[in-house]
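Source file work_1.cif; content: mmCIF, C-alpha atoms.
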```
data_my_file
loop_
_atom_site.group_PDB
_atom_site.id
_atom_site.type_symbol
_atom_site.label_atom_id
_atom_site.label_comp_id
_atom_site.auth_asym_id
_atom_site.auth_seq_id
_atom_site.Cartn_x
_atom_site.Cartn_y
_atom_site.Cartn_z
ATOM 1 C CA MET L 20 -29.997 -1.902 8.632
ATOM 2 C CA ASP L 21 -27.854 -1.810 11.781
ATOM 3 C CA GLN L 22 -25.710 -4.607 10.393
ATOM 4 C CA LEU L 23 -25.270 -2.749 7.103
ATOM 5 C CA ILE L 24 -24.111 0.405 8.898
ATOM 6 C CA GLN L 25 -21.575 -1.637 10.865
ATOM 7 C CA HIS L 26 -20.246 -3.225 7.665
ATOM 8 C CA ILE L 27 -19.911 0.205 6.037
ATOM 9 C CA ALA L 28 -17.946 1.491 9.030
ATOM 10 C CA ASN L 29 -15.632 -1.529 8.914
ATOM 11 C CA ALA L 30 -15.103 -1.119 5.155
ATOM 12 C CA LEU L 31 -14.160 2.555 5.538
ATOM 13 C CA ILE L 32 -11.456 1.677 8.047
ATOM 14 C CA LEU L 33 -10.043 -1.155 5.927
ATOM 15 C CA GLY L 34 -10.296 0.909 2.756
ATOM 16 C CA GLY L 35 -7.883 3.523 4.060
ATOM 17 C CA THR L 36 -5.035 1.029 4.335
ATOM 18 C CA TYR L 37 -5.947 -0.582 1.012
ATOM 19 C CA ALA L 38 -5.717 2.869 -0.561
ATOM 20 C CA LEU L 39 -2.198 3.328 0.829
ATOM 21 C CA LEU L 40 -1.149 0.024 -0.736
ATOM 22 C CA GLY L 41 -2.672 0.942 -4.081
ATOM 23 C CA ILE L 42 -1.233 4.464 -4.231
ATOM 24 C CA GLY L 43 2.262 3.221 -3.420
ATOM 25 C CA LEU L 44 2.151 0.605 -6.135
ATOM 26 C CA THR L 45 0.589 2.823 -8.795
ATOM 27 C CA LEU L 46 3.366 5.381 -8.319
ATOM 28 C CA ILE L 47 6.064 2.747 -8.860
ATOM 29 C CA LEU L 48 4.305 1.118 -11.803
ATOM 30 C CA GLY L 49 3.363 4.387 -13.423
ATOM 31 C CA ILE L 50 6.628 6.300 -13.095
ATOM 32 C CA MET L 51 9.270 3.545 -13.100
ATOM 33 C CA LYS L 52 7.420 0.922 -15.187
ATOM 34 C CA VAL L 53 8.560 -1.668 -12.625
ATOM 35 C CA VAL L 54 6.361 -4.532 -11.445
ATOM 36 C CA ASN L 55 7.181 -4.366 -7.744
ATOM 37 C CA PHE L 56 6.824 -7.888 -6.384
ATOM 38 C CA THR L 57 8.361 -6.767 -3.076
ATOM 39 C CA HIS L 58 5.384 -4.530 -2.286
ATOM 40 C CA GLY L 59 3.755 -7.134 -0.050
ATOM 41 C CA GLU L 60 7.009 -7.783 1.807
ATOM 42 C CA LEU L 61 7.419 -4.065 2.456
ATOM 43 C CA TYR L 62 3.904 -4.149 3.901
ATOM 44 C CA ALA L 63 4.952 -7.009 6.196
ATOM 45 C CA PHE L 64 8.172 -5.138 7.036
ATOM 46 C CA GLY L 65 6.125 -2.220 8.375
ATOM 47 C CA GLY L 66 4.115 -4.570 10.592
ATOM 48 C CA PHE L 67 7.202 -6.272 11.984
ATOM 49 C CA MET L 68 8.970 -2.972 12.661
ATOM 50 C CA ALA L 69 5.942 -1.733 14.582
ATOM 51 C CA TYR L 70 5.978 -4.958 16.610
ATOM 52 C CA TYR L 71 9.728 -4.727 17.258
ATOM 53 C CA PHE L 72 9.719 -1.131 18.458
ATOM 54 C CA VAL L 73 6.621 -1.481 20.650
ATOM 55 C CA SER L 74 6.982 -5.007 22.037
ATOM 56 C CA SER L 75 10.757 -5.546 22.084
ATOM 57 C CA LEU L 76 12.078 -2.038 22.724
ATOM 58 C CA GLY L 77 9.089 -0.644 24.606
ATOM 59 C CA TRP L 78 8.812 2.483 22.475
ATOM 60 C CA ASN L 79 5.818 4.790 22.433
ATOM 61 C CA PHE L 80 3.216 3.348 20.037
ATOM 62 C CA PHE L 81 2.911 6.466 17.875
ATOM 63 C CA LEU L 82 6.683 6.947 17.666
ATOM 64 C CA ALA L 83 6.987 3.297 16.615
ATOM 65 C CA MET L 84 4.461 3.862 13.817
ATOM 66 C CA GLY L 85 6.452 6.799 12.474
ATOM 67 C CA MET L 86 9.748 4.934 12.693
ATOM 68 C CA ALA L 87 8.291 1.898 10.876
ATOM 69 C CA ILE L 88 7.245 4.165 7.997
ATOM 70 C CA MET L 89 10.639 5.882 7.869
ATOM 71 C CA LEU L 90 12.460 2.543 7.784
ATOM 72 C CA GLY L 91 10.121 1.400 4.993
ATOM 73 C CA ILE L 92 11.143 4.484 3.002
ATOM 74 C CA LEU L 93 14.828 3.778 3.615
ATOM 75 C CA LEU L 94 14.477 0.103 2.683
ATOM 76 C CA GLY L 95 12.695 1.057 -0.533
ATOM 77 C CA ALA L 96 15.477 3.496 -1.427
ATOM 78 C CA LEU L 97 18.041 0.764 -0.734
ATOM 79 C CA ILE L 98 16.253 -1.764 -2.972
ATOM 80 C CA GLU L 99 16.070 0.739 -5.807
ATOM 81 C CA ARG L 100 19.695 1.786 -5.428
ATOM 82 C CA VAL L 101 21.179 -1.705 -5.117
ATOM 83 C CA PHE L 102 18.999 -3.744 -7.472
ATOM 84 C CA LEU L 103 16.826 -1.645 -9.765
ATOM 85 C CA ARG L 104 19.333 1.014 -10.802
ATOM 86 C CA ARG L 105 21.542 -1.681 -12.300
ATOM 87 C CA MET L 106 18.559 -2.964 -14.270
ATOM 88 C CA ARG L 107 17.600 0.419 -15.726
ATOM 89 C CA SER L 108 18.472 -0.551 -19.289
ATOM 90 C CA ALA L 109 17.429 -4.220 -18.942
ATOM 91 C CA ASP L 110 14.265 -5.649 -20.448
ATOM 92 C CA ILE L 111 11.155 -6.015 -18.328
ATOM 93 C CA ASP L 112 11.510 -9.797 -18.014
ATOM 94 C CA SER L 113 14.949 -9.505 -16.409
ATOM 95 C CA THR L 114 13.715 -6.822 -14.033
ATOM 96 C CA MET L 115 10.762 -8.975 -13.011
ATOM 97 C CA VAL L 116 13.071 -11.912 -12.267
ATOM 98 C CA VAL L 117 15.198 -9.692 -10.031
ATOM 99 C CA MET L 118 12.147 -8.374 -8.169
ATOM 100 C CA ILE L 119 10.757 -11.879 -7.700
ATOM 101 C CA GLY L 120 14.129 -12.892 -6.267
ATOM 102 C CA CYS L 121 14.029 -9.927 -3.864
ATOM 103 C CA TRP L 122 10.516 -10.897 -2.802
ATOM 104 C CA ILE L 123 11.507 -14.496 -2.032
ATOM 105 C CA ALA L 124 14.687 -13.411 -0.245
ATOM 106 C CA MET L 125 12.862 -10.826 1.900
ATOM 107 C CA GLN L 126 10.175 -13.298 2.915
ATOM 108 C CA ASN L 127 12.713 -15.946 3.899
ATOM 109 C CA ILE L 128 14.816 -13.439 5.831
ATOM 110 C CA ALA L 129 11.687 -12.412 7.735
ATOM 111 C CA LEU L 130 10.935 -16.065 8.478
ATOM 112 C CA LEU L 131 14.498 -16.577 9.721
ATOM 113 C CA VAL L 132 14.435 -13.474 11.933
ATOM 114 C CA TRP L 133 10.884 -13.579 13.298
ATOM 115 C CA GLY L 134 9.906 -17.235 13.032
ATOM 116 C CA GLY L 135 6.576 -18.599 11.884
ATOM 117 C CA VAL L 136 4.541 -17.602 14.938
ATOM 118 C CA ALA L 137 2.118 -14.691 14.559
ATOM 119 C CA LYS L 138 2.980 -11.549 16.538
ATOM 120 C CA SER L 139 0.563 -9.252 18.328
ATOM 121 C CA VAL L 140 1.317 -5.525 18.568
ATOM 122 C CA PRO L 141 0.273 -3.902 21.882
ATOM 123 C CA THR L 142 -1.582 -0.578 21.631
ATOM 124 C CA PRO L 143 -2.363 2.215 24.103
ATOM 125 C CA PHE L 144 -6.023 2.377 23.095
ATOM 126 C CA PRO L 145 -8.811 1.262 25.457
ATOM 127 C CA THR L 146 -10.440 -2.090 24.796
ATOM 128 C CA GLU L 147 -13.941 -0.645 25.157
ATOM 129 C CA PRO L 148 -15.170 0.388 21.707
ATOM 130 C CA LEU L 149 -16.756 3.662 20.765
ATOM 131 C CA VAL L 150 -20.490 3.064 20.387
ATOM 132 C CA ILE L 151 -22.484 5.438 18.209
ATOM 133 C CA GLY L 152 -26.045 4.211 17.885
ATOM 134 C CA PRO L 153 -25.910 0.786 16.213
ATOM 135 C CA VAL L 154 -22.240 1.131 15.268
ATOM 136 C CA SER L 155 -19.435 -0.152 17.476
ATOM 137 C CA ILE L 156 -15.868 0.795 16.484
ATOM 138 C CA SER L 157 -12.656 0.277 18.393
ATOM 139 C CA TRP L 158 -10.519 3.333 19.083
ATOM 140 C CA LEU L 159 -7.599 1.618 17.365
ATOM 141 C CA ARG L 160 -9.537 1.279 14.125
ATOM 142 C CA LEU L 161 -10.515 4.941 14.269
ATOM 143 C CA PHE L 162 -6.854 5.834 14.640
ATOM 144 C CA VAL L 163 -6.002 3.630 11.653
ATOM 145 C CA LEU L 164 -8.601 5.376 9.491
ATOM 146 C CA ALA L 165 -7.462 8.862 10.560
ATOM 147 C CA ALA L 166 -3.783 8.050 9.990
ATOM 148 C CA ALA L 167 -4.478 6.474 6.594
ATOM 149 C CA LEU L 168 -6.520 9.476 5.409
ATOM 150 C CA LEU L 169 -3.798 11.848 6.614
ATOM 151 C CA LEU L 170 -1.132 9.906 4.692
ATOM 152 C CA ILE L 171 -3.303 9.825 1.547
ATOM 153 C CA LEU L 172 -3.780 13.596 1.750
ATOM 154 C CA ALA L 173 -0.066 14.177 2.373
ATOM 155 C CA THR L 174 0.834 12.048 -0.666
ATOM 156 C CA TYR L 175 -1.634 13.913 -2.861
ATOM 157 C CA VAL L 176 -0.207 17.273 -1.755
ATOM 158 C CA LEU L 177 3.352 16.028 -2.342
ATOM 159 C CA ILE L 178 2.564 14.904 -5.886
ATOM 160 C CA HIS L 179 0.575 18.002 -6.871
ATOM 161 C CA ARG L 180 2.029 20.845 -4.814
ATOM 162 C CA SER L 181 5.759 20.214 -4.483
ATOM 163 C CA PRO L 182 8.760 20.492 -6.840
ATOM 164 C CA LEU L 183 9.458 16.786 -6.274
ATOM 165 C CA GLY L 184 5.917 15.920 -7.310
ATOM 166 C CA LYS L 185 6.209 18.113 -10.405
ATOM 167 C CA ALA L 186 9.404 16.289 -11.377
ATOM 168 C CA MET L 187 7.759 12.911 -10.759
ATOM 169 C CA ARG L 188 4.809 13.830 -12.965
ATOM 170 C CA ALA L 189 7.135 15.084 -15.686
ATOM 171 C CA THR L 190 9.117 11.836 -15.543
ATOM 172 C CA PHE L 191 5.896 9.839 -15.826
ATOM 173 C CA GLN L 192 4.853 11.806 -18.905
ATOM 174 C CA ASP L 193 8.172 11.753 -20.777
ATOM 175 C CA ARG L 194 11.356 10.578 -19.092
ATOM 176 C CA ASP L 195 13.713 11.733 -21.856
ATOM 177 C CA THR L 196 12.258 15.226 -22.080
ATOM 178 C CA ALA L 197 12.253 15.564 -18.301
ATOM 179 C CA SER L 198 15.938 14.601 -18.273
ATOM 180 C CA LEU L 199 16.734 17.240 -20.921
ATOM 181 C CA MET L 200 14.941 19.829 -18.768
ATOM 182 C CA GLY L 201 17.296 19.117 -15.867
ATOM 183 C CA VAL L 202 15.344 16.489 -13.892
ATOM 184 C CA ASN L 203 17.626 13.978 -12.157
ATOM 185 C CA ILE L 204 15.931 10.760 -13.275
ATOM 186 C CA ASN L 205 17.952 8.539 -10.954
ATOM 187 C CA ALA L 206 16.962 10.647 -7.947
ATOM 188 C CA ILE L 207 13.307 10.658 -9.025
ATOM 189 C CA TYR L 208 13.261 6.884 -9.390
ATOM 190 C CA THR L 209 14.803 6.441 -5.954
ATOM 191 C CA ALA L 210 12.321 8.888 -4.412
ATOM 192 C CA THR L 211 9.411 7.186 -6.175
ATOM 193 C CA PHE L 212 10.323 3.698 -5.014
ATOM 194 C CA ALA L 213 11.060 4.977 -1.505
ATOM 195 C CA LEU L 214 7.707 6.762 -1.302
ATOM 196 C CA GLY L 215 5.778 3.755 -2.595
ATOM 197 C CA SER L 216 7.627 1.494 -0.159
ATOM 198 C CA GLY L 217 6.922 3.852 2.728
ATOM 199 C CA LEU L 218 3.192 3.790 1.966
ATOM 200 C CA ALA L 219 3.221 -0.017 1.883
ATOM 201 C CA ALA L 220 5.089 -0.110 5.210
ATOM 202 C CA ALA L 221 2.602 2.390 6.636
ATOM 203 C CA ALA L 222 -0.304 0.107 5.701
ATOM 204 C CA GLY L 223 1.420 -2.835 7.395
ATOM 205 C CA ALA L 224 2.272 -0.841 10.515
ATOM 206 C CA LEU L 225 -1.314 0.380 10.814
ATOM 207 C CA LEU L 226 -2.999 -2.970 10.199
ATOM 208 C CA GLY L 227 -0.490 -4.998 12.239
ATOM 209 C CA PRO L 228 -2.027 -3.966 15.582
ATOM 210 C CA VAL L 229 -5.558 -4.509 14.230
ATOM 211 C CA PHE L 230 -4.882 -8.116 13.242
ATOM 212 C CA VAL L 231 -1.570 -9.952 13.780
ATOM 213 C CA VAL L 232 1.822 -9.761 12.098
ATOM 214 C CA THR L 233 3.015 -12.840 10.194
ATOM 215 C CA THR L 234 5.753 -13.563 7.679
ATOM 216 C CA THR L 235 3.192 -14.407 4.990
ATOM 217 C CA MET L 236 0.916 -11.407 5.513
ATOM 218 C CA GLY L 237 2.429 -9.695 2.477
ATOM 219 C CA ASN L 238 1.270 -12.324 -0.007
ATOM 220 C CA THR L 239 -2.399 -11.395 0.045
ATOM 221 C CA ALA L 240 -1.577 -7.706 0.478
ATOM 222 C CA ALA L 241 0.469 -7.719 -2.742
ATOM 223 C CA LEU L 242 -2.352 -9.339 -4.697
ATOM 224 C CA LYS L 243 -4.796 -6.758 -3.392
ATOM 225 C CA ALA L 244 -2.432 -3.898 -4.223
ATOM 226 C CA PHE L 245 -2.175 -5.063 -7.844
ATOM 227 C CA ALA L 246 -5.947 -5.514 -7.958
ATOM 228 C CA ILE L 247 -6.486 -1.960 -6.689
ATOM 229 C CA VAL L 248 -4.152 -0.505 -9.324
ATOM 230 C CA ILE L 249 -5.957 -2.440 -12.068
ATOM 231 C CA LEU L 250 -9.335 -1.401 -10.699
ATOM 232 C CA GLY L 251 -8.484 2.282 -10.328
ATOM 233 C CA GLY L 252 -6.496 2.699 -13.549
ATOM 234 C CA LEU L 253 -2.723 2.945 -13.906
ATOM 235 C CA GLY L 254 -1.326 6.377 -13.096
ATOM 236 C CA SER L 255 -4.306 7.647 -11.134
ATOM 237 C CA ILE L 256 -3.668 8.369 -7.461
ATOM 238 C CA GLN L 257 -7.328 9.220 -6.983
ATOM 239 C CA GLY L 258 -8.253 6.013 -8.749
ATOM 240 C CA ALA L 259 -5.989 3.960 -6.489
ATOM 241 C CA ALA L 260 -7.440 5.618 -3.396
ATOM 242 C CA ILE L 261 -11.048 5.127 -4.483
ATOM 243 C CA GLY L 262 -10.246 1.631 -5.762
ATOM 244 C CA GLY L 263 -8.933 0.706 -2.315
ATOM 245 C CA PHE L 264 -12.215 1.718 -0.716
ATOM 246 C CA ILE L 265 -14.250 -0.061 -3.404
ATOM 247 C CA LEU L 266 -12.300 -3.280 -2.808
ATOM 248 C CA ALA L 267 -12.784 -2.961 0.951
ATOM 249 C CA PHE L 268 -16.540 -2.477 0.540
ATOM 250 C CA ALA L 269 -16.780 -5.467 -1.794
ATOM 251 C CA GLU L 270 -14.932 -7.669 0.693
ATOM 252 C CA GLU L 271 -16.804 -6.468 3.761
ATOM 253 C CA LEU L 272 -20.284 -6.693 2.249
ATOM 254 C CA GLY L 273 -19.495 -10.012 0.586
ATOM 255 C CA SER L 274 -18.225 -11.376 3.879
ATOM 256 C CA GLY L 275 -21.264 -10.131 5.750
ATOM 257 C CA TYR L 276 -24.009 -11.143 3.340
ATOM 258 C CA VAL L 277 -22.570 -14.097 1.423
ATOM 259 C CA SER L 278 -19.874 -15.905 3.403
ATOM 260 C CA SER L 279 -16.734 -14.893 5.256
ATOM 261 C CA GLY L 280 -14.960 -17.743 3.471
ATOM 262 C CA TYR L 281 -15.365 -15.865 0.187
ATOM 263 C CA ARG L 282 -14.139 -12.532 1.565
ATOM 264 C CA ASP L 283 -11.056 -12.250 -0.647
ATOM 265 C CA ALA L 284 -12.825 -13.723 -3.673
ATOM 266 C CA MET L 285 -15.544 -11.045 -3.645
ATOM 267 C CA GLY L 286 -13.130 -8.253 -4.406
ATOM 268 C CA PHE L 287 -11.541 -10.101 -7.307
ATOM 269 C CA ILE L 288 -14.927 -11.033 -8.740
ATOM 270 C CA LEU L 289 -15.787 -7.330 -8.716
ATOM 271 C CA ILE L 290 -12.543 -6.514 -10.526
ATOM 272 C CA ILE L 291 -13.251 -9.123 -13.202
ATOM 273 C CA LEU L 292 -16.706 -7.629 -13.771
ATOM 274 C CA VAL L 293 -15.314 -4.083 -13.978
ATOM 275 C CA LEU L 294 -12.575 -5.037 -16.437
ATOM 276 C CA MET L 295 -15.070 -6.813 -18.665
ATOM 277 C CA PHE L 296 -16.708 -3.448 -19.342
ATOM 278 C CA LYS L 297 -13.804 -1.019 -18.731
ATOM 279 C CA PRO L 298 -10.457 -2.768 -19.319
ATOM 280 C CA THR L 299 -8.438 0.376 -18.522
ATOM 281 C CA GLY L 300 -9.886 0.636 -15.013
ATOM 282 C CA LEU L 301 -12.581 2.845 -13.569
ATOM 283 C CA PHE L 302 -10.622 6.079 -13.357
ATOM 284 C CA TYR L 303 -8.165 5.901 -16.228
ATOM 285 C CA VAL L 304 -7.868 9.143 -18.185
ATOM 286 C CA ARG L 305 -6.611 8.993 -21.779
ATOM 287 C CA GLY L 306 -3.162 10.503 -22.134
ATOM 288 C CA GLU L 307 -0.046 9.951 -20.075
ATOM 289 C CA ARG L 308 -0.247 11.691 -16.710
ATOM 290 C CA ILE L 309 -0.164 10.835 -13.046
ATOM 291 C CA GLY L 310 -2.439 12.417 -10.503
#
```
Could you write out this file's structure as C-alpha cells?
Amino acid sequence: MDQLIQHIANALILGGTYALLGIGLTLILGIMKVVNFTHGELYAFGGFMAYYFVSSLGWNFFLAMGMAIMLGILLGALIERVFLRRMRSADIDSTMVVMIGCWIAMQNIALLVWGGVAKSVPTPFPTEPLVIGPVSISWLRLFVLAAALLLILATYVLIHRSPLGKAMRATFQDRDTASLMGVNINAIYTATFALGSGLAAAAGALLGPVFVVTTTMGNTAALKAFAIVILGGLGSIQGAAIGGFILAFAEELGSGYVSSGYRDAMGFILIILVLMFKPTGLFYVRGERIG
C-alpha cells in the first residue's frame, strides 16, 4: 500500500506537465487545424532556456522559469508568423511538410548550439525530501505540480473568461462567421500558436530540473502530447488535462508493477484500448466547440 501511495504521488506530479503539453497541442489542432510537429522541440526549448538562464547567466530560478515560458510564447508567434501564415490556404499535406521541416531544423539547431551532452538545471530547493507518512516527495516536484496546476487554471480562465478566449472559441466553431463578426483571424491564429507553444515550453522548463535537458527530449514529449489529445478528445481542454493525468498514472503504475522498461509502452497500450471502444476519445462532446 505504501508503494502504491508513492506511485500515485509521482503520477500526480508528472501528470501536471503532461496536461500542459496536451492542452497546448489541442488548442493548436482544434483551432488552427495544424498538426504541430514542433511541439516537442518547443518543449525542449523551454528546458534549454531554463538551463541557460540559471546555469549560464546565474539568474534567479523562478525568474528563469518565467522567462523560458515567455520566450516559448514569442518563438511560437514567430513560427506562426513566418511559416504558417504563408500556408493558410495550402492543403494539409503541404503544411505538414513545412512543420516537419521546422521540427528537424529546430532539433539540429539545438544540437549545434548545446551539443549532445545532457544538461542539469540547478534549483534552490533543498535536497531533503518532504516526508508525509509513507510518501517521500522532493520540494522541486511539489513546485512543479503547483506551477503546472496554476498554469492549467490560468489557461482555462483565459479561454472561458476573456475576450481573447471568446474569439478563439468562435474561430474554432466557425472561422468564416467569426471573421464576418469582426474577429481578426490572423491575430487569433498567432495567439493560439503562441499560447500552445508557451505551454509546451512551460512543461519543458518545469521538467528540465527534475530530469535532465537533452536535444532529443522533445521526441518522446511530442508523441505523448499527441497521445493525450487523442485520449482526451480533440477540442476539449478538460479532456487534455485529464488525459495527461491518466497517461501519467498508466506510466507510473505500469513502471512500478510491471517493468520500468515498459513505462512508455503502458500509456500507449491504454490509449489503444480506449480508442477501441471510444474512437473519439474519452471526453469528446458532439458538436464543434472548444472548452
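The shortest atom-to-atom distance to L:Leu76, with only C-alpha atoms taken into account, belongs to L:Pro141 out of L:Pro141, L:Leu23, L:Arg160, L:Ser255.
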(request) Name the residues that the PyMOL selection byres ((chain L and resi 33) around 9) picks from the file above, as a PyMOL selection string, using the file's chain letters and numbers. (result) chain L and resi 28-32+34-38+160+163-164+226+263-264+267-268+271
Now that the selection is made, can you save its residues with C-alpha atoms as a compact mmCIF listing (two decimals), keeping the file's coordinate frame?
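What follows is the written file out-v4.txt:
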```
# COMPACT_ATOMS: atom_id res chain seq x y z
CA ALA L 28 -17.95 1.49 9.03
CA ASN L 29 -15.63 -1.53 8.91
CA ALA L 30 -15.10 -1.12 5.16
CA LEU L 31 -14.16 2.56 5.54
CA ILE L 32 -11.46 1.68 8.05
CA GLY L 34 -10.30 0.91 2.76
CA GLY L 35 -7.88 3.52 4.06
CA THR L 36 -5.04 1.03 4.34
CA TYR L 37 -5.95 -0.58 1.01
CA ALA L 38 -5.72 2.87 -0.56
CA ARG L 160 -9.54 1.28 14.12
CA VAL L 163 -6.00 3.63 11.65
CA LEU L 164 -8.60 5.38 9.49
CA LEU L 226 -3.00 -2.97 10.20
CA GLY L 263 -8.93 0.71 -2.32
CA PHE L 264 -12.22 1.72 -0.72
CA ALA L 267 -12.78 -2.96 0.95
CA PHE L 268 -16.54 -2.48 0.54
CA GLU L 271 -16.80 -6.47 3.76
```
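What separates atom CA of L:Met89 from atom CA of L:Ile119 is a distance of 23.6 Å.
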(request) Please evaluate the PyMOL selection byres ((chain L and resi 93) around 10) against the structure above and give the resulting residues as a ChimeraX atom specification. (result) /L:87-92,94-99,209-210,212-214,216-217
I need the chosen residues saved as an mmCIF file, in the frame of the given file, with C-alpha atoms.
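So the final result, stored in result.cif, reads:
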```
data_model
loop_
_atom_site.group_PDB
_atom_site.id
_atom_site.type_symbol
_atom_site.label_atom_id
_atom_site.label_comp_id
_atom_site.auth_asym_id
_atom_site.auth_seq_id
_atom_site.Cartn_x
_atom_site.Cartn_y
_atom_site.Cartn_z
ATOM 1 C CA ALA L 87 8.291 1.898 10.876
ATOM 2 C CA ILE L 88 7.245 4.165 7.997
ATOM 3 C CA MET L 89 10.639 5.882 7.869
ATOM 4 C CA LEU L 90 12.460 2.543 7.784
ATOM 5 C CA GLY L 91 10.121 1.400 4.993
ATOM 6 C CA ILE L 92 11.143 4.484 3.002
ATOM 7 C CA LEU L 94 14.477 0.103 2.683
ATOM 8 C CA GLY L 95 12.695 1.057 -0.533
ATOM 9 C CA ALA L 96 15.477 3.496 -1.427
ATOM 10 C CA LEU L 97 18.041 0.764 -0.734
ATOM 11 C CA ILE L 98 16.253 -1.764 -2.972
ATOM 12 C CA GLU L 99 16.070 0.739 -5.807
ATOM 13 C CA THR L 209 14.803 6.441 -5.954
ATOM 14 C CA ALA L 210 12.321 8.888 -4.412
ATOM 15 C CA PHE L 212 10.323 3.698 -5.014
ATOM 16 C CA ALA L 213 11.060 4.977 -1.505
ATOM 17 C CA LEU L 214 7.707 6.762 -1.302
ATOM 18 C CA SER L 216 7.627 1.494 -0.159
ATOM 19 C CA GLY L 217 6.922 3.852 2.728
#
```
(request) Convert the output of the PyMOL selection byres ((chain L and resi 129) around 9) on the shown file into explicit residues, formatted as a list in words. (result) Glu60, Ala63, Phe64, Phe67, Ala124, Met125, Gln126, Asn127, Ile128, Leu130, Leu131, Val132, Trp133, Gly134 and Thr234 of chain L
Write the residues of the preceding selection, restricted to C-alpha atoms, as a PDB file, keeping the file's coordinate frame.
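Saved the output as result_34.pdb:
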```pdb
ATOM      1  CA  GLU L  60       7.009  -7.783   1.807  1.00  0.00           C
ATOM      2  CA  ALA L  63       4.952  -7.009   6.196  1.00  0.00           C
ATOM      3  CA  PHE L  64       8.172  -5.138   7.036  1.00  0.00           C
ATOM      4  CA  PHE L  67       7.202  -6.272  11.984  1.00  0.00           C
ATOM      5  CA  ALA L 124      14.687 -13.411  -0.245  1.00  0.00           C
ATOM      6  CA  MET L 125      12.862 -10.826   1.900  1.00  0.00           C
ATOM      7  CA  GLN L 126      10.175 -13.298   2.915  1.00  0.00           C
ATOM      8  CA  ASN L 127      12.713 -15.946   3.899  1.00  0.00           C
ATOM      9  CA  ILE L 128      14.816 -13.439   5.831  1.00  0.00           C
ATOM     10  CA  LEU L 130      10.935 -16.065   8.478  1.00  0.00           C
ATOM     11  CA  LEU L 131      14.498 -16.577   9.721  1.00  0.00           C
ATOM     12  CA  VAL L 132      14.435 -13.474  11.933  1.00  0.00           C
ATOM     13  CA  TRP L 133      10.884 -13.579  13.298  1.00  0.00           C
ATOM     14  CA  GLY L 134       9.906 -17.235  13.032  1.00  0.00           C
ATOM     15  CA  THR L 234       5.753 -13.563   7.679  1.00  0.00           C
TER      16      THR L 234
END
```
(message) One number please: atom CA of L:Ala137 to atom CA of L:Thr233, in Å, one decimal.
(response) 4.8 Å
(message) My list of candidates is L:Val53, L:Ile256, L:Gly280, L:Leu61. Which is closest to L:Met236 when distances are computed with only C-alpha atoms?
(response)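 Of L:Val53, L:Ile256, L:Gly280, L:Leu61, the one nearest L:Met236, counting only C-alpha atoms, is L:Leu61.
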(message) Would you compute the distance between atom CA of L:Ile111 and atom CA of L:Asn55? Give it in Å to one decimal.
(response) 11.4 Å
(request) List the neighbours of L:Gly286 out to 9 Å using all atoms listed in the file; skip same-chain residues closer than 6 positions along the sequence, and give me the result as a list in words. (result) Lys243, Ala246, Ile265, Leu266, Ala267, Phe268, Ala269, Glu270 and Gly273 of chain L
(message) Between L:Leu301, L:Met68, L:Ala167, L:Val136, which residue has the minimum interatomic distance to L:Ile42, considering only C-alpha atoms?
(response)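 Once distances to L:Ile42 are computed over only C-alpha atoms, the minimum belongs to L:Ala167.
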(message) Under the rule that all atoms listed in the file are counted, which of L:Thr142, L:Thr211, L:Gln257, L:Gln22 is the nearest residue to L:Arg100?
(response)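 The shortest atom-to-atom distance to L:Arg100 comes from L:Thr211.
Non-sequential neighbours of stretch 148-158 of chain L (distance at most 7 Å, separation of 2 or more positions within a chain, all atoms listed in the file) are Asp21, Ile24, Gln25, Phe144, Pro145, Thr146, Arg160, Leu161 and Phe162 of chain L.
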Would you output that residue set with C-alpha atoms, as an mmCIF file, in the frame of the given file?
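After the write, again01.cif holds the following:
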```cif
data_model
loop_
_atom_site.group_PDB
_atom_site.id
_atom_site.type_symbol
_atom_site.label_atom_id
_atom_site.label_comp_id
_atom_site.auth_asym_id
_atom_site.auth_seq_id
_atom_site.Cartn_x
_atom_site.Cartn_y
_atom_site.Cartn_z
ATOM 1 C CA ASP L 21 -27.854 -1.810 11.781
ATOM 2 C CA ILE L 24 -24.111 0.405 8.898
ATOM 3 C CA GLN L 25 -21.575 -1.637 10.865
ATOM 4 C CA PHE L 144 -6.023 2.377 23.095
ATOM 5 C CA PRO L 145 -8.811 1.262 25.457
ATOM 6 C CA THR L 146 -10.440 -2.090 24.796
ATOM 7 C CA ARG L 160 -9.537 1.279 14.125
ATOM 8 C CA LEU L 161 -10.515 4.941 14.269
ATOM 9 C CA PHE L 162 -6.854 5.834 14.640
#
```
(request) Please identify all polymer residues within 12 Å of L:Phe191, counting all atoms listed in the file, omitting same-chain residues fewer than 6 positions from it, and present them as a PyMOL selection string. (result) chain L and resi 45-52+178+184-185+197-198+202+204+207-208+211+253-255+306-310
Take the residues from that selection and write them out as a short mmCIF file (atom, residue, chain, number, x, y, z; two decimals), in the frame of the given file, keeping C-alpha atoms.
```
data_model
loop_
_atom_site.label_atom_id
_atom_site.label_comp_id
_atom_site.auth_asym_id
_atom_site.auth_seq_id
_atom_site.Cartn_x
_atom_site.Cartn_y
_atom_site.Cartn_z
CA THR L 45 0.59 2.82 -8.80
CA LEU L 46 3.37 5.38 -8.32
CA ILE L 47 6.06 2.75 -8.86
CA LEU L 48 4.30 1.12 -11.80
CA GLY L 49 3.36 4.39 -13.42
CA ILE L 50 6.63 6.30 -13.10
CA MET L 51 9.27 3.54 -13.10
CA LYS L 52 7.42 0.92 -15.19
CA ILE L 178 2.56 14.90 -5.89
CA GLY L 184 5.92 15.92 -7.31
CA LYS L 185 6.21 18.11 -10.40
CA ALA L 197 12.25 15.56 -18.30
CA SER L 198 15.94 14.60 -18.27
CA VAL L 202 15.34 16.49 -13.89
CA ILE L 204 15.93 10.76 -13.28
CA ILE L 207 13.31 10.66 -9.02
CA TYR L 208 13.26 6.88 -9.39
CA THR L 211 9.41 7.19 -6.18
CA LEU L 253 -2.72 2.94 -13.91
CA GLY L 254 -1.33 6.38 -13.10
CA SER L 255 -4.31 7.65 -11.13
CA GLY L 306 -3.16 10.50 -22.13
CA GLU L 307 -0.05 9.95 -20.08
CA ARG L 308 -0.25 11.69 -16.71
CA ILE L 309 -0.16 10.84 -13.05
CA GLY L 310 -2.44 12.42 -10.50
#
```
